[in-house]
Structure formats: structure tokens, C-alpha cells
$ cat my_file.cif   # mmCIF, C-alpha atoms
data_entry
loop_
_atom_site.label_atom_id
_atom_site.label_comp_id
_atom_site.auth_asym_id
_atom_site.auth_seq_id
_atom_site.Cartn_x
_atom_site.Cartn_y
_atom_site.Cartn_z
CA MET A 14 -14.29 -17.01 13.60
CA LYS A 15 -12.03 -18.27 10.80
CA ILE A 16 -12.04 -17.35 7.11
CA ASP A 17 -9.93 -18.77 4.30
CA CYS A 18 -8.65 -16.16 1.83
CA CYS A 19 -6.03 -18.34 0.16
CA ASN A 20 -5.68 -17.98 -3.62
CA LEU A 21 -8.03 -14.98 -3.74
CA ALA A 22 -7.12 -12.08 -6.03
CA CYS A 23 -6.86 -8.52 -4.75
CA PRO A 24 -8.91 -6.97 -3.19
CA GLU A 25 -10.95 -10.03 -2.08
CA PRO A 26 -8.89 -10.92 1.04
CA VAL A 27 -9.30 -7.38 2.41
CA LEU A 28 -12.98 -7.20 1.49
CA LYS A 29 -13.74 -10.59 3.07
CA THR A 30 -11.81 -9.56 6.20
CA LYS A 31 -13.70 -6.26 6.42
CA LYS A 32 -17.08 -8.00 6.09
CA ALA A 33 -16.20 -10.66 8.66
CA LEU A 34 -15.06 -8.01 11.17
CA GLU A 35 -18.30 -6.06 10.68
CA GLU A 36 -20.32 -9.20 11.47
CA LEU A 37 -18.13 -10.28 14.39
CA PRO A 38 -19.19 -9.22 17.92
CA ASP A 39 -16.77 -7.25 20.11
CA ASP A 40 -14.30 -9.17 22.28
CA SER A 41 -13.70 -11.67 19.47
CA ILE A 42 -10.79 -12.82 17.35
CA LEU A 43 -10.94 -13.25 13.58
CA GLU A 44 -8.44 -15.66 12.02
CA VAL A 45 -7.70 -14.98 8.36
CA LYS A 46 -5.76 -17.60 6.39
CA VAL A 47 -3.77 -16.22 3.43
CA ASN A 48 -1.03 -17.53 1.15
CA SER A 49 0.46 -14.63 -0.80
CA ILE A 50 2.87 -11.87 0.19
CA SER A 51 0.45 -9.17 -0.94
CA SER A 52 -2.47 -10.67 1.01
CA LYS A 53 -0.36 -10.94 4.17
CA GLU A 54 0.67 -7.28 3.95
CA ASN A 55 -2.71 -5.95 2.82
CA VAL A 56 -4.84 -7.73 5.44
CA THR A 57 -2.43 -6.78 8.24
CA ARG A 58 -2.28 -3.14 7.10
CA PHE A 59 -6.08 -2.98 6.76
CA ALA A 60 -6.52 -4.30 10.31
CA THR A 61 -4.06 -1.77 11.73
CA LYS A 62 -5.57 1.15 9.84
CA ALA A 63 -9.06 0.13 10.99
CA GLY A 64 -7.85 0.26 14.61
CA TYR A 65 -7.48 -3.46 15.33
CA GLU A 66 -4.49 -5.22 16.75
CA SER A 67 -3.22 -8.18 14.74
CA ARG A 68 -0.53 -10.82 14.78
CA MET A 69 0.59 -13.23 12.12
CA GLU A 70 1.82 -16.82 12.32
CA GLU A 71 3.48 -18.15 9.17
CA SER A 72 3.83 -21.80 8.19
CA ASP A 73 6.58 -23.50 6.20
CA ASP A 74 4.14 -24.09 3.32
CA GLY A 75 3.82 -20.33 2.62
CA THR A 76 0.46 -19.88 4.31
CA ALA A 77 -0.14 -17.56 7.23
CA VAL A 78 -2.90 -17.05 9.76
CA ILE A 79 -3.51 -13.45 10.75
CA SER A 80 -5.34 -13.12 14.07
CA ILE A 81 -7.24 -9.85 14.33
CA ILE A 82 -8.47 -8.82 17.75
CA LYS A 83 -11.77 -6.95 17.84
CA GLY A 84 -12.99 -5.09 20.90
CA TYR A 85 -10.02 -5.34 23.23
CA ALA A 86 -7.67 -2.50 24.14
CA CYS A 87 -5.56 -1.89 21.09
CA ALA A 88 -2.01 -0.57 20.82
CA VAL A 89 -2.75 1.22 17.54
CA VAL A 90 -2.45 5.00 17.80
CA ALA A 91 -4.24 7.28 15.35
CA SER A 92 -2.30 9.96 13.54
CA ASP A 93 -3.26 13.63 13.91
CA GLY A 94 -1.81 14.63 10.56
CA ASP A 95 1.44 16.36 9.76
CA ASP A 96 2.05 19.83 8.37
CA ARG A 97 5.02 18.53 6.35
CA PHE A 98 2.52 17.07 3.87
CA TYR A 99 -0.15 18.22 1.47
CA ASN A 100 -3.30 16.10 1.68
CA LYS A 101 -2.59 14.97 -1.87
CA THR A 102 -1.99 11.66 -3.59
CA LEU A 103 0.34 11.14 -6.51
CA PHE A 104 -1.19 8.39 -8.67
CA LEU A 105 1.32 6.96 -11.14
CA LYS A 106 0.09 4.71 -13.96
CA THR A 107 3.30 4.35 -15.95
CA ASP A 108 7.04 4.47 -15.39
CA LYS A 109 7.42 7.38 -17.82
CA VAL A 110 6.03 10.87 -18.37
CA GLY A 111 5.21 10.48 -22.05
CA SER A 112 7.15 7.78 -23.84
CA GLY A 113 10.62 6.52 -24.62
CA GLU A 114 13.93 7.58 -23.14
CA LEU A 115 12.76 11.18 -22.75
CA GLY A 116 9.74 9.96 -20.77
CA GLU A 117 12.03 8.02 -18.40
CA LYS A 118 14.22 11.10 -17.85
CA LEU A 119 11.18 13.26 -17.20
CA MET A 120 9.83 10.83 -14.56
CA ALA A 121 13.23 10.64 -12.84
CA GLY A 122 13.46 14.44 -12.81
CA PHE A 123 9.87 14.83 -11.64
CA LEU A 124 10.38 12.51 -8.64
CA LYS A 125 13.71 14.13 -7.75
CA SER A 126 12.09 17.59 -7.88
CA ILE A 127 9.40 16.58 -5.38
CA LEU A 128 12.16 16.19 -2.78
CA GLU A 129 12.89 19.91 -3.02
CA LEU A 130 9.32 21.05 -2.34
CA PRO A 131 8.49 22.65 1.04
CA LYS A 132 5.67 20.11 1.51
CA LEU A 133 5.28 16.59 0.15
CA PRO A 134 2.34 14.47 -1.04
CA ASN A 135 0.91 12.12 1.60
CA GLN A 136 1.30 9.10 -0.61
CA ILE A 137 2.44 7.85 -3.98
CA ILE A 138 0.45 5.00 -5.51
CA CYS A 139 1.99 3.02 -8.38
CA VAL A 140 -0.28 0.95 -10.61
CA ASN A 141 0.15 -0.78 -13.96
CA GLU A 142 3.63 -0.10 -15.45
CA ALA A 143 4.46 2.37 -12.65
CA VAL A 144 5.38 -0.60 -10.45
CA LYS A 145 8.53 -0.77 -12.59
CA LEU A 146 9.62 2.37 -10.71
CA THR A 147 9.53 0.71 -7.27
CA THR A 148 11.21 -2.43 -8.63
CA ALA A 149 13.97 -0.74 -10.66
CA PRO A 150 17.65 -1.62 -10.04
CA ALA A 151 18.95 -0.40 -6.67
CA ASP A 152 21.34 2.11 -8.26
CA HIS A 153 18.66 3.70 -10.47
CA ASP A 154 17.95 7.43 -9.87
CA VAL A 155 14.22 6.71 -9.49
CA ILE A 156 14.78 4.22 -6.65
CA GLN A 157 17.04 6.66 -4.85
CA SER A 158 14.45 9.44 -5.14
CA LEU A 159 11.62 7.17 -3.96
CA GLN A 160 13.68 5.92 -1.02
CA ALA A 161 14.48 9.52 -0.06
CA LEU A 162 10.76 10.40 -0.23
CA GLU A 163 9.88 7.37 1.89
CA SER A 164 12.53 8.33 4.46
CA LYS A 165 10.80 11.75 4.72
CA GLY A 166 7.49 10.03 5.53
CA VAL A 167 5.78 9.72 2.13
CA GLU A 168 3.86 6.44 1.96
CA ILE A 169 4.57 4.54 -1.25
CA TYR A 170 2.36 1.70 -2.47
CA SER A 171 2.69 -0.62 -5.46
CA CYS A 172 -0.37 -2.49 -6.75
CA GLY A 173 -0.08 -6.15 -5.72
CA VAL A 174 -1.91 -7.43 -8.81
CA CYS A 175 0.40 -5.35 -11.03
CA LEU A 176 3.53 -6.64 -9.28
CA GLU A 177 2.30 -10.20 -9.81
CA TYR A 178 1.34 -9.51 -13.44
CA PHE A 179 4.85 -8.25 -14.27
CA ASN A 180 6.37 -10.99 -12.06
CA VAL A 181 8.34 -8.47 -9.97
CA VAL A 182 6.96 -9.00 -6.43
CA ASP A 183 10.38 -10.10 -5.18
CA ASP A 184 12.05 -7.06 -6.79
CA LEU A 185 10.15 -4.47 -4.71
CA LYS A 186 12.79 -2.13 -3.26
CA VAL A 187 10.76 0.72 -1.84
CA GLY A 188 7.31 1.08 -0.30
CA LYS A 189 4.67 -1.52 0.43
CA ILE A 190 2.41 -3.78 -1.57
CA GLY A 191 -0.98 -2.12 -2.02
CA ASN A 192 -4.45 -3.36 -2.86
CA ALA A 193 -7.48 -2.04 -4.71
CA TYR A 194 -9.56 -1.39 -1.59
CA ALA A 195 -6.87 0.69 0.13
CA THR A 196 -6.07 2.51 -3.11
CA VAL A 197 -9.68 3.59 -3.62
CA GLU A 198 -9.90 4.61 0.04
CA MET A 199 -6.74 6.75 -0.20
CA LEU A 200 -7.89 8.39 -3.43
CA LEU A 201 -11.26 9.30 -1.93
CA GLU A 202 -9.77 10.60 1.33
CA SER A 203 -7.21 12.75 -0.47
CA GLU A 204 -8.08 16.41 -1.13
CA ASN A 205 -6.63 16.09 -4.60
CA THR A 206 -5.12 13.37 -6.72
CA ILE A 207 -2.41 14.14 -9.25
CA SER A 208 -2.34 11.47 -11.92
CA LEU A 209 0.50 10.76 -14.34
#
$ encode --input "my_file.cif" --output "C-alpha cells"
Amino acid sequence: MKIDCCNLACPEPVLKTKKALEELPDDSILEVKVNSISSKENVTRFATKAGYESRMEESDDGTAVISIIKGYACAVVASDGDDRFYNKTLFLKTDKVGSGELGEKLMAGFLKSILELPKLPNQIICVNEAVKLTTAPADHDVIQSLQALESKGVEIYSCGVCLEYFNVVDDLKVGKIGNAYATVEMLLESENTISL
């Protein structure tokens, strides 16, 4: 089966892929054509998280075909959880805590302080202006804190639509490009969500 998800806004490529996989019989391959960085990452990540094996072939024109294998033995291994983490999600909607220069300093201090905690949140999700945190200059304190959190196993996601809106997709320095479907799923699976 083949589906074309080119030029579709988030979360449509993931939703169309999910629906096609549900309708597809076992021992089949779904080919998903996409043409944006966020769609490539989001569809591949969705397939892996759902327990499917996938591979991607990219063309010179910027399109890619992601082949998702359904029903065969899969190399994906499920995680049993990790006691280094709280089952909590940090949901950031802005790059500041409050406003202005003080708000920027508070956010930088807040993220740096998380590194000192005995346990960490499972994931940090950045939406709206919070994507400016994951796309800040490489020498910025916030980037260094986020990279340190990622190196300790915290999953960091930046909203793909937001990155595109602010035209900073190519500036992403830490974490992965997220999508609305995965964000809602993470928020619902989390024991608690802390929103700033």
C-alpha cells in the first residue's frame, strides 16, 4: 500500500499513516511519501514507537519514501521504564517565565536547576515561542542546559509547526521535531504535566 503525505500539515502525515497501518493486513509494507523534515522524523518515530520497523529512502528533490513493515519480526525493543525519571512531562509554551529579561533569566535558571534534581522529567515539550529555546545560539546557557538534560536521557521535542512558523527548523540544536499527535499522546500518558 502507498500513501502520499506530501505538503500535509502536522499532524496529518502521522494520522494518515496510523489509519493506513490499522487497515493494512499483517505481513504487509506501507510506503509513506513525505517531503518535509518534520514529516520524515515524525512518521519514522511514530512507526518505531508503535513497534514497526521502518526504513527511509530520500530523493534529490527533497521527498522521501518511508517503508513501514507490518507483521514481520521487528528489531524494535520496548522500554521497561527507568527509575532515573519521574513519569512527568514539562510542557513549555514560551521561552520565558514571565516576561522580559527577567523572564529569560528565570527560564535559564529553571532549566539549569532541573539538572540538579535526583530524578528528571521523562520529556520536555516545546510549543509556540518555547521553540526559541531549542533553537537558541549554541553558546546560550539554555542550549547547554537542554543538551545536558538530553545527554541524561530526557527526551526533548519541539513542535514542527511552531519551528516552521518561526522559520527556525534549520536552527534546531537539541532534541527532535515533534508533532501534535505524539504531543497529545505523551501528555495523556504522563502522570503529571507541568506547564510553563
$ atom_distance --input "my_file.cif" --atom1 "CA of Ile16 (chain A)" --atom2 "CA of Glu198 (chain A)"
23.2 Å
$ residues_near_point --input "my_file.cif" --point "(-7.0, -4.9, -1.7)" --cutoff "10 Å" --atoms "only C-alpha atoms" --output "PyMOL selection string"
chain A and resi 22-28+51-52+54-56+59+172-174+190-197
$ resolve_selection --input "my_file.cif" --expression "the PyMOL selection byres ((chain A and resi 113-117) around 12)" --output "number ranges by chain"
A: 107-112, 118-124, 143, 145-146, 149, 153-155, 209
$ resolve_selection --input "my_file.cif" --expression "the PyMOL selection byres ((chain A and resi 164-168) around 7)" --output "list in words"
Pro134, Asn135, Gln136, Ile137, Gln160, Ala161, Leu162, Glu163, Ile169, Tyr170 and Gly188 of chain A
$ atom_distance --input "my_file.cif" --atom1 "CA of Gly75 (chain A)" --atom2 "CA of Leu159 (chain A)"
29.3 Å
$ atom_distance --input "my_file.cif" --atom1 "CA of Leu103 (chain A)" --atom2 "CA of Ser203 (chain A)"
9.8 Å
$ closest_residue --input "my_file.cif" --among "A:Lys186, A:Val47, A:Asn180, A:Ile42" --to "Thr148 (chain A)" --atoms "only C-alpha atoms"
A:Lys186
$ residues_near_point --input "my_file.cif" --point "(4.8, -19.0, 6.3)" --cutoff "12 Å" --atoms "all atoms listed in the file" --output "PyMOL selection string"
chain A and resi 46-50+53+69-79
$ resolve_selection --input "my_file.cif" --expression "the PyMOL selection byres ((chain A and resi 14) around 10)" --output "VMD selection string"
chain A and resid 15 to 16 33 to 34 37 41 to 45 80
$ residues_around --input "my_file.cif" --residues "Pro150 (chain A)" --least-positions-apart "6" --cutoff "10 Å" --atoms "all atoms listed in the file" --output "PyMOL selection string"
chain A and resi 156-157+184-186
